[in-house]
$ cat start09.cif   # mmCIF, C-alpha atoms
data_model
loop_
_atom_site.label_atom_id
_atom_site.label_comp_id
_atom_site.auth_asym_id
_atom_site.auth_seq_id
_atom_site.Cartn_x
_atom_site.Cartn_y
_atom_site.Cartn_z
CA MET A 62 0.00 0.00 0.00
CA THR A 63 2.85 2.43 -0.71
CA ALA A 64 2.92 5.40 -3.10
CA PRO A 65 6.47 5.57 -4.47
CA THR A 66 5.98 8.74 -6.51
CA VAL A 67 4.94 10.74 -3.48
CA ILE A 68 7.86 9.44 -1.46
CA GLU A 69 10.39 10.49 -4.10
CA ILE A 70 8.90 13.97 -4.29
CA LYS A 71 9.00 14.33 -0.54
CA LYS A 72 12.67 13.38 -0.39
CA ASP A 73 13.41 16.34 -2.61
CA VAL A 74 11.26 18.62 -0.49
CA PHE A 75 13.05 17.39 2.64
CA THR A 76 16.50 18.09 1.21
CA LYS A 77 15.56 21.70 0.48
CA ASN A 78 13.86 22.01 3.85
CA ASN A 79 16.87 20.68 5.70
CA ARG A 80 19.20 23.19 4.05
CA ILE A 81 17.07 26.03 5.38
CA ALA A 82 16.73 24.36 8.78
CA VAL A 83 20.53 24.57 9.05
CA ILE A 84 20.28 28.33 8.52
CA ASN A 85 17.57 28.67 11.16
CA ARG A 86 19.61 26.62 13.62
CA ALA A 87 22.64 28.89 13.02
CA ILE A 88 20.47 31.96 13.69
CA PHE A 89 19.17 30.46 16.94
CA LYS A 90 22.71 29.61 18.03
CA GLU A 91 24.00 33.09 17.22
CA THR A 92 21.15 34.77 19.11
CA LYS A 93 21.16 32.21 21.95
CA VAL A 94 17.49 31.47 21.40
CA THR A 95 16.04 28.05 22.24
CA ALA A 96 13.32 27.11 19.75
CA LEU A 97 10.64 24.54 20.60
CA ASN A 98 8.36 23.10 17.91
CA PHE A 99 4.94 22.18 19.38
CA VAL A 100 3.13 19.42 17.49
CA SER A 101 -0.18 17.65 18.12
CA SER A 102 -3.62 16.84 16.77
CA PRO A 103 -5.91 19.82 16.26
CA GLY A 104 -7.42 20.80 19.60
CA ALA A 105 -4.93 19.07 21.87
CA GLY A 106 -4.40 22.36 23.68
CA LYS A 107 -1.19 23.83 22.24
CA THR A 108 -2.41 27.43 22.24
CA SER A 109 -3.99 27.13 25.69
CA LEU A 110 -0.73 25.76 27.11
CA LEU A 111 1.29 28.57 25.50
CA VAL A 112 -1.07 31.30 26.74
CA LYS A 113 -1.03 29.90 30.28
CA THR A 114 2.74 29.36 30.29
CA ILE A 115 3.63 32.81 28.98
CA SER A 116 1.15 34.53 31.30
CA GLU A 117 2.51 32.76 34.36
CA ILE A 118 6.30 32.85 33.84
CA LYS A 119 6.95 35.81 31.56
CA ASP A 120 8.78 37.55 34.41
CA LYS A 121 11.38 34.74 34.30
CA ILE A 122 11.56 34.00 30.58
CA ASN A 123 11.15 36.25 27.55
CA PHE A 124 9.01 34.43 24.98
CA ALA A 125 8.22 34.95 21.33
CA VAL A 126 5.74 32.81 19.42
CA ILE A 127 5.27 31.70 15.81
CA GLU A 128 1.73 30.49 15.18
CA GLY A 129 1.09 28.11 12.30
CA ASP A 130 -2.47 27.56 11.06
CA GLN A 131 -3.98 26.81 7.69
CA GLN A 132 -6.15 29.89 8.08
CA THR A 133 -7.28 32.48 10.68
CA ASP A 134 -5.23 34.46 13.17
CA ASN A 135 -7.36 33.37 16.15
CA ASP A 136 -4.44 31.78 17.93
CA ALA A 137 -2.08 34.69 17.34
CA ARG A 138 -4.65 37.06 18.83
CA ARG A 139 -4.96 34.83 21.90
CA ILE A 140 -1.17 34.82 22.32
CA ALA A 141 -0.86 38.57 21.71
CA LYS A 142 -2.93 39.26 24.83
CA THR A 143 -0.04 37.89 26.92
CA GLY A 144 2.19 40.68 25.61
CA ALA A 145 4.60 38.29 23.88
CA GLN A 146 5.80 38.96 20.34
CA VAL A 147 3.78 36.75 17.99
CA THR A 148 3.87 36.11 14.24
CA GLN A 149 1.10 34.21 12.49
CA ILE A 150 1.85 32.03 9.47
CA ASN A 151 -1.15 30.93 7.42
CA THR A 152 -0.06 27.85 5.52
CA MET A 153 -3.21 27.81 3.35
CA SER A 154 -3.13 24.40 1.60
CA ALA A 155 -0.01 23.17 3.41
CA CYS A 156 -0.45 20.80 6.34
CA HIS A 157 2.68 21.73 8.28
CA LEU A 158 5.20 24.49 8.84
CA ASP A 159 8.51 24.19 7.02
CA ALA A 160 11.92 25.72 7.58
CA SER A 161 11.41 28.35 4.89
CA MET A 162 8.18 29.66 6.43
CA THR A 163 9.93 29.74 9.80
CA LEU A 164 12.88 31.70 8.40
CA LYS A 165 10.47 34.27 6.92
CA ALA A 166 8.70 34.62 10.27
CA LEU A 167 12.04 35.29 11.99
CA ASP A 168 12.25 38.57 10.04
CA HIS A 169 9.40 39.84 12.20
CA ILE A 170 10.80 38.83 15.58
CA ASP A 171 13.49 40.61 17.59
CA LEU A 172 15.41 37.52 18.65
CA THR A 173 17.97 39.50 20.65
CA THR A 174 15.40 40.19 23.39
CA ILE A 175 14.04 36.67 23.88
CA HIS A 176 15.03 33.37 25.49
CA LEU A 177 12.51 30.88 24.16
CA LEU A 178 10.84 30.81 20.74
CA MET A 179 7.67 28.75 20.89
CA ILE A 180 6.66 27.53 17.42
CA GLU A 181 3.10 26.23 17.33
CA ASN A 182 2.82 23.97 14.30
CA VAL A 183 -0.35 23.20 12.34
CA GLY A 184 -2.54 20.70 14.23
CA ASN A 185 -1.55 17.45 12.55
CA LEU A 186 0.04 14.30 14.01
CA VAL A 187 1.54 13.21 10.70
CA CYS A 188 3.23 15.71 8.42
CA PRO A 189 4.99 18.06 10.87
CA ALA A 190 7.01 15.07 12.13
CA SER A 191 9.06 15.10 8.95
CA TYR A 192 9.97 18.78 8.83
CA ASP A 193 12.96 20.12 10.74
CA LEU A 194 12.42 23.83 11.41
CA GLY A 195 15.85 24.21 13.02
CA GLU A 196 14.31 23.78 16.48
CA LYS A 197 16.07 22.40 19.54
CA MET A 198 13.29 19.88 20.00
CA LYS A 199 9.79 18.91 19.02
CA VAL A 200 7.31 18.78 21.90
CA ALA A 201 4.33 16.49 21.19
CA LEU A 202 1.02 17.04 22.97
CA VAL A 203 -1.68 14.39 23.39
CA SER A 204 -4.91 15.26 25.17
CA VAL A 205 -6.60 12.62 27.30
CA THR A 206 -9.73 12.95 25.16
CA GLU A 207 -7.92 11.63 22.07
CA GLY A 208 -7.30 8.03 23.12
CA ASP A 209 -4.23 6.48 24.70
CA ASP A 210 -3.12 4.63 21.56
CA LYS A 211 -1.95 7.70 19.63
CA PRO A 212 1.82 6.99 20.01
CA ALA A 213 1.35 3.56 18.40
CA LYS A 214 -0.79 4.91 15.58
CA TYR A 215 1.40 7.91 14.74
CA PRO A 216 4.87 6.62 15.68
CA ASN A 217 6.88 8.99 13.50
CA MET A 218 5.73 11.97 15.54
CA PHE A 219 6.63 10.41 18.88
CA ARG A 220 9.99 9.21 17.55
CA ALA A 221 10.75 12.74 16.35
CA SER A 222 9.80 14.42 19.64
CA LYS A 223 11.99 14.81 22.71
CA ALA A 224 9.10 15.61 25.04
CA LEU A 225 5.55 14.29 25.42
CA VAL A 226 2.98 16.46 27.17
CA ILE A 227 -0.26 14.70 28.13
CA THR A 228 -2.83 17.51 28.41
CA LYS A 229 -6.34 18.05 29.83
CA THR A 230 -5.76 15.66 32.74
CA ASP A 231 -8.70 17.34 34.51
CA LEU A 232 -10.93 15.38 32.07
CA LEU A 233 -9.51 11.96 33.04
CA PRO A 234 -12.54 11.09 35.22
CA TYR A 235 -14.84 11.41 32.19
CA VAL A 236 -12.90 9.57 29.49
CA ASP A 237 -11.37 6.15 28.91
CA PHE A 238 -7.67 7.06 28.79
CA ASP A 239 -4.89 5.07 30.47
CA VAL A 240 -1.97 7.44 31.09
CA ASP A 241 0.45 4.58 31.84
CA LYS A 242 -0.47 2.82 28.60
CA CYS A 243 0.04 5.98 26.55
CA VAL A 244 3.45 6.56 28.15
CA GLU A 245 4.45 2.92 27.62
CA LEU A 246 3.52 3.10 23.93
CA ALA A 247 5.49 6.33 23.53
CA ARG A 248 8.54 4.87 25.30
CA ASN A 249 8.42 1.72 23.18
CA ILE A 250 9.07 4.01 20.24
CA ASN A 251 11.26 6.55 21.99
CA PRO A 252 12.71 5.38 25.33
CA GLU A 253 14.29 8.77 26.07
CA ILE A 254 11.16 10.88 25.62
CA ARG A 255 10.63 13.32 28.48
CA LEU A 256 7.14 13.15 30.02
CA PHE A 257 4.85 15.85 31.39
CA THR A 258 1.23 15.35 32.45
CA LEU A 259 -0.73 18.50 33.10
CA SER A 260 -3.96 20.44 32.96
CA VAL A 261 -4.12 24.10 32.03
CA SER A 262 -7.60 24.24 33.62
CA SER A 263 -6.73 22.77 37.02
CA GLY A 264 -3.06 23.79 37.07
CA GLU A 265 -1.95 20.20 37.83
CA GLY A 266 1.57 19.48 36.59
CA LEU A 267 2.35 23.01 35.44
CA ASP A 268 5.16 23.63 37.95
CA GLU A 269 7.23 20.78 36.56
CA TRP A 270 6.61 22.06 33.03
CA TYR A 271 7.73 25.56 34.01
CA SER A 272 10.87 24.18 35.66
CA PHE A 273 11.71 22.36 32.46
CA LEU A 274 11.34 25.54 30.40
CA THR A 275 13.36 27.56 32.86
CA GLY A 276 16.13 24.98 32.52
CA LEU A 277 16.14 25.54 28.74
CA LYS A 278 16.73 29.27 29.13
CA SER A 279 20.32 29.47 28.04
CA HIS A 280 21.40 33.06 28.61
CA GLU A 281 20.74 36.33 30.42
CA ILE A 282 19.45 39.24 28.37
CA MET B 124 4.19 32.31 3.02
CA THR B 125 3.46 29.96 0.09
CA ALA B 126 5.49 27.02 -1.15
CA PRO B 127 4.98 26.93 -4.93
CA THR B 128 7.05 23.82 -5.58
CA VAL B 129 4.94 21.70 -3.26
CA ILE B 130 1.74 23.00 -4.81
CA GLU B 131 2.88 22.06 -8.32
CA ILE B 132 3.82 18.58 -7.20
CA LYS B 133 0.48 18.10 -5.49
CA LYS B 134 -1.42 19.08 -8.63
CA ASP B 135 0.24 16.18 -10.41
CA VAL B 136 -0.55 13.82 -7.54
CA PHE B 137 -4.17 14.99 -7.56
CA THR B 138 -4.56 14.37 -11.29
CA LYS B 139 -3.41 10.78 -10.92
CA ASN B 140 -5.55 10.34 -7.83
CA ASN B 141 -8.65 11.66 -9.53
CA ARG B 142 -8.26 9.23 -12.43
CA ILE B 143 -8.36 6.31 -10.01
CA ALA B 144 -11.22 7.88 -8.02
CA VAL B 145 -13.28 7.72 -11.22
CA ILE B 146 -12.64 3.98 -11.36
CA ASN B 147 -13.64 3.54 -7.72
CA ARG B 148 -16.82 5.54 -8.28
CA ALA B 149 -17.71 3.33 -11.27
CA ILE B 150 -17.21 0.22 -9.12
CA PHE B 151 -19.44 1.64 -6.39
CA LYS B 152 -22.12 2.50 -8.95
CA GLU B 153 -21.98 -0.95 -10.54
CA THR B 154 -22.25 -2.72 -7.17
CA LYS B 155 -24.77 -0.21 -5.75
CA VAL B 156 -22.53 0.49 -2.79
CA THR B 157 -22.63 3.87 -1.04
CA ALA B 158 -19.15 4.83 0.17
CA LEU B 159 -18.63 7.33 2.99
CA ASN B 160 -15.20 8.80 3.73
CA PHE B 161 -14.86 9.63 7.46
CA VAL B 162 -12.37 12.41 8.20
CA SER B 163 -11.35 14.14 11.45
CA SER B 164 -8.53 14.93 13.83
CA PRO B 165 -6.94 11.93 15.52
CA GLY B 166 -9.11 10.85 18.43
CA ALA B 167 -12.35 12.55 17.39
CA GLY B 168 -14.13 9.23 17.70
CA LYS B 169 -14.38 7.84 14.17
CA THR B 170 -13.75 4.23 15.15
CA SER B 171 -16.01 4.41 18.19
CA LEU B 172 -18.85 5.78 16.06
CA LEU B 173 -18.36 3.05 13.45
CA VAL B 174 -18.26 0.26 16.04
CA LYS B 175 -21.41 1.57 17.74
CA THR B 176 -23.25 2.16 14.47
CA ILE B 177 -22.47 -1.24 12.97
CA SER B 178 -23.28 -3.04 16.21
CA GLU B 179 -26.66 -1.34 16.53
CA ILE B 180 -28.01 -1.37 12.97
CA LYS B 181 -26.29 -4.26 11.23
CA ASP B 182 -29.64 -6.05 10.96
CA LYS B 183 -30.84 -3.21 8.69
CA ILE B 184 -27.68 -2.36 6.77
CA ASN B 185 -24.78 -4.54 5.61
CA PHE B 186 -21.54 -2.68 6.28
CA ALA B 187 -17.95 -3.12 5.21
CA VAL B 188 -15.10 -0.96 6.52
CA ILE B 189 -11.75 0.22 5.22
CA GLU B 190 -9.50 1.40 8.05
CA GLY B 191 -6.71 3.86 7.29
CA ASP B 192 -3.93 4.38 9.81
CA GLN B 193 -0.27 5.20 9.55
CA GLN B 194 0.50 2.08 11.55
CA THR B 195 -1.20 -0.59 13.72
CA ASP B 196 -4.34 -2.61 13.07
CA ASN B 197 -5.93 -1.62 16.41
CA ASP B 198 -8.94 -0.04 14.73
CA ALA B 199 -9.50 -2.91 12.32
CA ARG B 200 -9.51 -5.34 15.23
CA ARG B 201 -12.10 -3.20 17.04
CA ILE B 202 -14.29 -3.15 13.92
CA ALA B 203 -13.85 -6.89 13.25
CA LYS B 204 -15.58 -7.67 16.56
CA THR B 205 -18.81 -6.32 15.06
CA GLY B 206 -18.71 -9.05 12.41
CA ALA B 207 -18.37 -6.56 9.52
CA GLN B 208 -15.85 -7.15 6.74
CA VAL B 209 -12.84 -4.91 7.45
CA THR B 210 -9.62 -4.17 5.58
CA GLN B 211 -6.79 -2.25 7.21
CA ILE B 212 -4.55 0.01 5.15
CA ASN B 213 -1.32 1.10 6.82
CA THR B 214 -0.22 4.26 5.03
CA MET B 215 3.20 4.31 6.76
CA SER B 216 4.64 7.75 5.92
CA ALA B 217 1.53 8.99 4.09
CA CYS B 218 -0.85 11.27 5.94
CA HIS B 219 -4.06 10.34 4.12
CA LEU B 220 -5.72 7.60 2.10
CA ASP B 221 -5.71 8.00 -1.67
CA ALA B 222 -7.83 6.50 -4.42
CA SER B 223 -5.19 3.92 -5.34
CA MET B 224 -4.96 2.55 -1.79
CA THR B 225 -8.76 2.40 -1.70
CA LEU B 226 -8.91 0.50 -5.00
CA LYS B 227 -6.42 -2.06 -3.68
CA ALA B 228 -8.49 -2.51 -0.53
CA LEU B 229 -11.59 -3.19 -2.64
CA ASP B 230 -9.93 -6.41 -3.85
CA HIS B 231 -10.44 -7.76 -0.34
CA ILE B 232 -14.11 -6.83 0.09
CA ASP B 233 -17.14 -8.62 -1.35
CA LEU B 234 -19.03 -5.52 -2.44
CA THR B 235 -21.99 -7.52 -3.76
CA THR B 236 -23.13 -8.31 -0.22
CA ILE B 237 -22.97 -4.84 1.30
CA HIS B 238 -24.90 -1.56 1.29
CA LEU B 239 -22.55 0.93 2.91
CA LEU B 240 -18.76 1.06 2.74
CA MET B 241 -17.41 3.09 5.64
CA ILE B 242 -13.89 4.37 4.87
CA GLU B 243 -12.11 5.62 7.98
CA ASN B 244 -9.36 7.95 6.82
CA VAL B 245 -6.13 8.73 8.68
CA GLY B 246 -6.77 11.14 11.57
CA ASN B 247 -5.81 14.46 9.98
CA LEU B 248 -7.90 17.59 9.38
CA VAL B 249 -5.74 18.79 6.49
CA CYS B 250 -4.52 16.36 3.84
CA PRO B 251 -7.48 13.98 3.42
CA ALA B 252 -9.61 16.98 2.34
CA SER B 253 -7.80 17.06 -0.99
CA TYR B 254 -8.09 13.38 -1.93
CA ASP B 255 -11.18 12.03 -3.67
CA LEU B 256 -11.45 8.30 -2.98
CA GLY B 257 -14.50 7.93 -5.20
CA GLU B 258 -16.81 8.24 -2.20
CA LYS B 259 -20.37 9.57 -2.23
CA MET B 260 -19.46 12.05 0.50
CA LYS B 261 -16.93 12.97 3.11
CA VAL B 262 -18.26 13.02 6.68
CA ALA B 263 -16.23 15.27 9.00
CA LEU B 264 -16.19 14.64 12.75
CA VAL B 265 -15.30 17.24 15.39
CA SER B 266 -15.29 16.27 19.05
CA VAL B 267 -16.38 18.84 21.62
CA THR B 268 -13.00 18.54 23.32
CA GLU B 269 -11.18 19.94 20.28
CA GLY B 270 -12.45 23.51 20.33
CA ASP B 271 -15.35 25.09 18.44
CA ASP B 272 -13.14 27.03 16.00
CA LYS B 273 -11.97 24.02 13.98
CA PRO B 274 -14.13 24.77 10.88
CA ALA B 275 -12.56 28.24 10.60
CA LYS B 276 -9.03 26.94 11.09
CA TYR B 277 -9.30 23.99 8.68
CA PRO B 278 -11.81 25.30 6.13
CA ASN B 279 -10.82 23.01 3.27
CA MET B 280 -12.02 19.97 5.17
CA PHE B 281 -15.41 21.45 6.04
CA ARG B 282 -15.87 22.73 2.48
CA ALA B 283 -15.13 19.24 1.14
CA SER B 284 -17.54 17.47 3.52
CA LYS B 285 -21.27 17.03 3.07
CA ALA B 286 -21.92 16.13 6.70
CA LEU B 287 -20.56 17.40 10.02
CA VAL B 288 -20.81 15.15 13.07
CA ILE B 289 -20.13 16.82 16.41
CA THR B 290 -19.10 13.98 18.74
CA LYS B 291 -18.65 13.36 22.48
CA THR B 292 -21.52 15.68 23.43
CA ASP B 293 -21.62 13.92 26.82
CA LEU B 294 -18.44 15.90 27.64
CA LEU B 295 -20.03 19.32 26.95
CA PRO B 296 -20.48 20.10 30.68
CA TYR B 297 -16.72 19.81 31.22
CA VAL B 298 -15.32 21.74 28.26
CA ASP B 299 -15.59 25.19 26.73
CA PHE B 300 -17.26 24.35 23.41
CA ASP B 301 -20.09 26.34 21.84
CA VAL B 302 -22.01 24.00 19.50
CA ASP B 303 -23.88 26.87 17.82
CA LYS B 304 -20.62 28.69 17.12
CA CYS B 305 -19.02 25.59 15.60
CA VAL B 306 -22.06 25.03 13.37
CA GLU B 307 -22.13 28.69 12.33
CA LEU B 308 -18.45 28.59 11.36
CA ALA B 309 -19.00 25.40 9.36
CA ARG B 310 -22.03 26.86 7.58
CA ASN B 311 -20.15 30.06 6.75
CA ILE B 312 -17.86 27.85 4.71
CA ASN B 313 -20.41 25.31 3.56
CA PRO B 314 -24.06 26.40 3.93
CA GLU B 315 -25.41 23.02 2.81
CA ILE B 316 -23.47 20.88 5.30
CA ARG B 317 -25.70 18.36 7.06
CA LEU B 318 -25.37 18.43 10.87
CA PHE B 319 -25.42 15.67 13.48
CA THR B 320 -24.62 16.09 17.17
CA LEU B 321 -24.20 12.90 19.12
CA SER B 322 -22.49 10.92 21.83
CA VAL B 323 -21.55 7.28 21.44
CA SER B 324 -21.26 7.05 25.25
CA SER B 325 -24.69 8.44 26.17
CA GLY B 326 -26.49 7.48 22.95
CA GLU B 327 -27.75 11.06 22.43
CA GLY B 328 -28.35 11.86 18.77
CA LEU B 329 -27.67 8.37 17.44
CA ASP B 330 -31.22 7.74 16.17
CA GLU B 331 -31.03 10.65 13.76
CA TRP B 332 -27.62 9.44 12.56
CA TYR B 333 -28.97 5.94 11.98
CA SER B 334 -31.96 7.32 10.04
CA PHE B 335 -29.56 9.23 7.82
CA LEU B 336 -27.54 6.09 7.07
CA THR B 337 -30.66 4.03 6.44
CA GLY B 338 -31.72 6.66 3.91
CA LEU B 339 -28.41 6.20 2.08
CA LYS B 340 -28.99 2.46 1.66
CA SER B 341 -29.75 2.32 -2.02
CA HIS B 342 -30.73 -1.26 -2.77
CA GLU B 343 -31.92 -4.57 -1.39
CA ILE B 344 -29.46 -7.47 -1.32
#
$ encode --input "start09.cif" --output "structure tokens"
Amino acid sequence: MTAPTVIEIKKDVFTKNNRIAVINRAIFKETKVTALNFVSSPGAGKTSLLVKTISEIKDKINFAVIEGDQQTDNDARRIAKTGAQVTQINTMSACHLDASMTLKALDHIDLTTIHLLMIENVGNLVCPASYDLGEKMKVALVSVTEGDDKPAKYPNMFRASKALVITKTDLLPYVDFDVDKCVELARNINPEIRLFTLSVSSGEGLDEWYSFLTGLKSHEI
Amino acid sequence: MTAPTVIEIKKDVFTKNNRIAVINRAIFKETKVTALNFVSSPGAGKTSLLVKTISEIKDKINFAVIEGDQQTDNDARRIAKTGAQVTQINTMSACHLDASMTLKALDHIDLTTIHLLMIENVGNLVCPASYDLGEKMKVALVSVTEGDDKPAKYPNMFRASKALVITKTDLLPYVDFDVDKCVELARNINPEIRLFTLSVSSGEGLDEWYSFLTGLKSHEI
């Protein structure tokens, strides 16, 4: 059930993408910015987590955000209320951000004043796994309403990510989601993946998440 | 923020896909099978809805199922318990089913004995919108845990779908989801879209869904 033509085309796309990702990575190194690439299904809670995180620890960390969506600037407007610099990319037909889009967005961000660049990818558990944006790491979110088998069904994403954030844990009483099973499936694919379980609504687990981000802050401004 | 090279490549892919979709459509017409292409984010509840539906109305409608996933046959095994014919397609790196994969799956299904072919696409609100499998209609699912703005953020999918199923309505008390807003956003894009709101857990709304499917049954076997 393979589609060889598509695969060949994608290899070419990846080569071009990876060349630009090298440029992005050099820019991040030069400016001492740590870039995180947030990936998940639509509605897993990426924007909510970013809004909460920036609102609560912006006195410790200077954030900027790149928002990727097919259309609308809803998420960018939500982020902007936190006071962080935010740039919206509308990918239109494309199902993921790529390194070139990211590089263009960097023109609109003053990297010299920030510590962490939070890149919110298009909601999609498949395609963004294959695109290096030059980030330090991909952070994959899974909400407890999605089903605990997602790491097995979309293994490329969980192999490509260095952190797994299980979100919306306040809804655990109402859904059939086994946190241990989800973590086991993720670690079968990626034994080193760093785990966070949290709820933006209840606040559970956020302190550990904030400590992790604070540890990634690499320089004083 | 466009990526012209990718768009050109996709046009070529679409042309080839559409040629095979014509073949699939001819097969469905010849065998009097109605094919529905179920699309949504990962975890919106496609498999749960199919399992419930087949279990409850299989005495009225003969179903077969094609399951699309990047990896695993978890969903096919869940469906098989209902007694329906089921064929799993593992798309591996691909983020959607295409008409060619669907045609190959048809080799494994006895279409002469069924009324409705339920095709469960890969969980992805972007890419499957662009691929005609030869189906009568796409049916888009949105769960109430995903956020009510999904039709605005992923308009191509809701434009391409003839029915919208809002799922997991039993969770409405615990989440911030405005059903009317979601429907309004979908109808801004696609005024004719048919609406269902339901919960597989509580059973709310299922009767109307079953009536709809029974109406699609086009012949006696």
$ closest_atom_pairs --input "start09.cif" --of "chain A" --to "chain B" --cutoff "7 Å" --atoms "only C-alpha atoms" --output "CSV"
residue,atom,partner,partner_atom,distance
A:Met62,CA,B:Met224,CA,5.9
A:Thr63,CA,B:Thr214,CA,6.8
A:Ser102,CA,B:Ser164,CA,6.0
A:Pro103,CA,B:Ser164,CA,6.1
A:Gly104,CA,B:Glu269,CA,3.9
A:Ala105,CA,B:Glu269,CA,6.5
A:Asp130,CA,B:Lys276,CA,6.6
A:Gln131,CA,B:Lys276,CA,6.1
A:Gln132,CA,B:Lys276,CA,5.1
A:Thr133,CA,B:Lys276,CA,5.8
A:Ile150,CA,B:Met124,CA,6.9
A:Thr152,CA,B:Met124,CA,6.6
A:Cys156,CA,B:Val249,CA,5.7
A:Met162,CA,B:Met124,CA,5.9
A:Asn185,CA,B:Asn247,CA,5.8
A:Val187,CA,B:Cys218,CA,5.7
A:Cys188,CA,B:Cys218,CA,6.5
A:Thr206,CA,B:Thr268,CA,6.7
A:Glu207,CA,B:Gly166,CA,3.9
A:Gly208,CA,B:Gly166,CA,5.8
A:Ala213,CA,B:Thr195,CA,6.8
A:Lys214,CA,B:Gln194,CA,5.1
A:Tyr215,CA,B:Gln193,CA,6.1
$ write_last_selection --input "start09.cif" --atoms "C-alpha atoms" --output "compact mmCIF listing (two decimals), keeping the file's coordinate frame"
# COMPACT_ATOMS: atom_id res chain seq x y z
CA MET A 62 0.00 0.00 0.00
CA THR A 63 2.85 2.43 -0.71
CA SER A 102 -3.62 16.84 16.77
CA PRO A 103 -5.91 19.82 16.26
CA GLY A 104 -7.42 20.80 19.60
CA ALA A 105 -4.93 19.07 21.87
CA ASP A 130 -2.47 27.56 11.06
CA GLN A 131 -3.98 26.81 7.69
CA GLN A 132 -6.15 29.89 8.08
CA THR A 133 -7.28 32.48 10.68
CA ILE A 150 1.85 32.03 9.47
CA THR A 152 -0.06 27.85 5.52
CA CYS A 156 -0.45 20.80 6.34
CA MET A 162 8.18 29.66 6.43
CA ASN A 185 -1.55 17.45 12.55
CA VAL A 187 1.54 13.21 10.70
CA CYS A 188 3.23 15.71 8.42
CA THR A 206 -9.73 12.95 25.16
CA GLU A 207 -7.92 11.63 22.07
CA GLY A 208 -7.30 8.03 23.12
CA ALA A 213 1.35 3.56 18.40
CA LYS A 214 -0.79 4.91 15.58
CA TYR A 215 1.40 7.91 14.74
$ closest_residue --input "start09.cif" --among "B:Thr157, B:Thr176, B:Ser171, B:Asn147" --to "Asp230 (chain B)" --atoms "all atoms listed in the file"
B:Asn147
$ residues_near_point --input "start09.cif" --point "(-12.4, -3.7, 18.1)" --cutoff "12 Å" --atoms "only C-alpha atoms" --output "ChimeraX atom specification"
/B:170-175,177-178,190,196-207,209
$ atom_distance --input "start09.cif" --atom1 "CA of Val262 (chain B)" --atom2 "CA of Ser322 (chain B)"
15.9 Å
$ axis_aligned_box --input "start09.cif" --around "region 183-191 of chain A" --padding-each-side "5 Å" --output "JSON"
{"center_x": 3.3, "center_y": 18.2, "center_z": 11.3, "size_x": 21.6, "size_y": 20.0, "size_z": 15.8}
$ atom_distance --input "start09.cif" --atom1 "CA of Tyr271 (chain A)" --atom2 "CA of Leu177 (chain A)"
12.2 Å
$ atom_distance --input "start09.cif" --atom1 "CA of Leu277 (chain A)" --atom2 "CA of Lys93 (chain A)"
10.8 Å
$ residues_around --input "start09.cif" --residues "Ile88 (chain A)" --least-positions-apart "5" --cutoff "10 Å" --atoms "all atoms listed in the file" --output "ChimeraX atom specification"
/A:82-83,93-94,164,167,172,195
$ residues_around --input "start09.cif" --residues "Arg86 (chain A)" --least-positions-apart "4" --cutoff "9 Å" --atoms "all atoms listed in the file" --output "PyMOL selection string"
chain A and resi 81-82+90-91+96+194-197
$ closest_residue --input "start09.cif" --among "B:Glu331, B:Asp301, B:Asp255, B:Glu179" --to "Ile146 (chain B)" --atoms "only C-alpha atoms"
B:Asp255
$ resolve_selection --input "start09.cif" --expression "the PyMOL selection byres ((chain A and resi 180) around 6)" --output "list in words"
Leu97, Asn98, Phe99, Val126, Ile127, Met179 and Glu181 of chain A
$ closest_residue --input "start09.cif" --among "B:Cys305, B:Ala286, B:Ile344, B:Leu295" --to "Leu318 (chain B)" --atoms "all atoms listed in the file"
B:Ala286
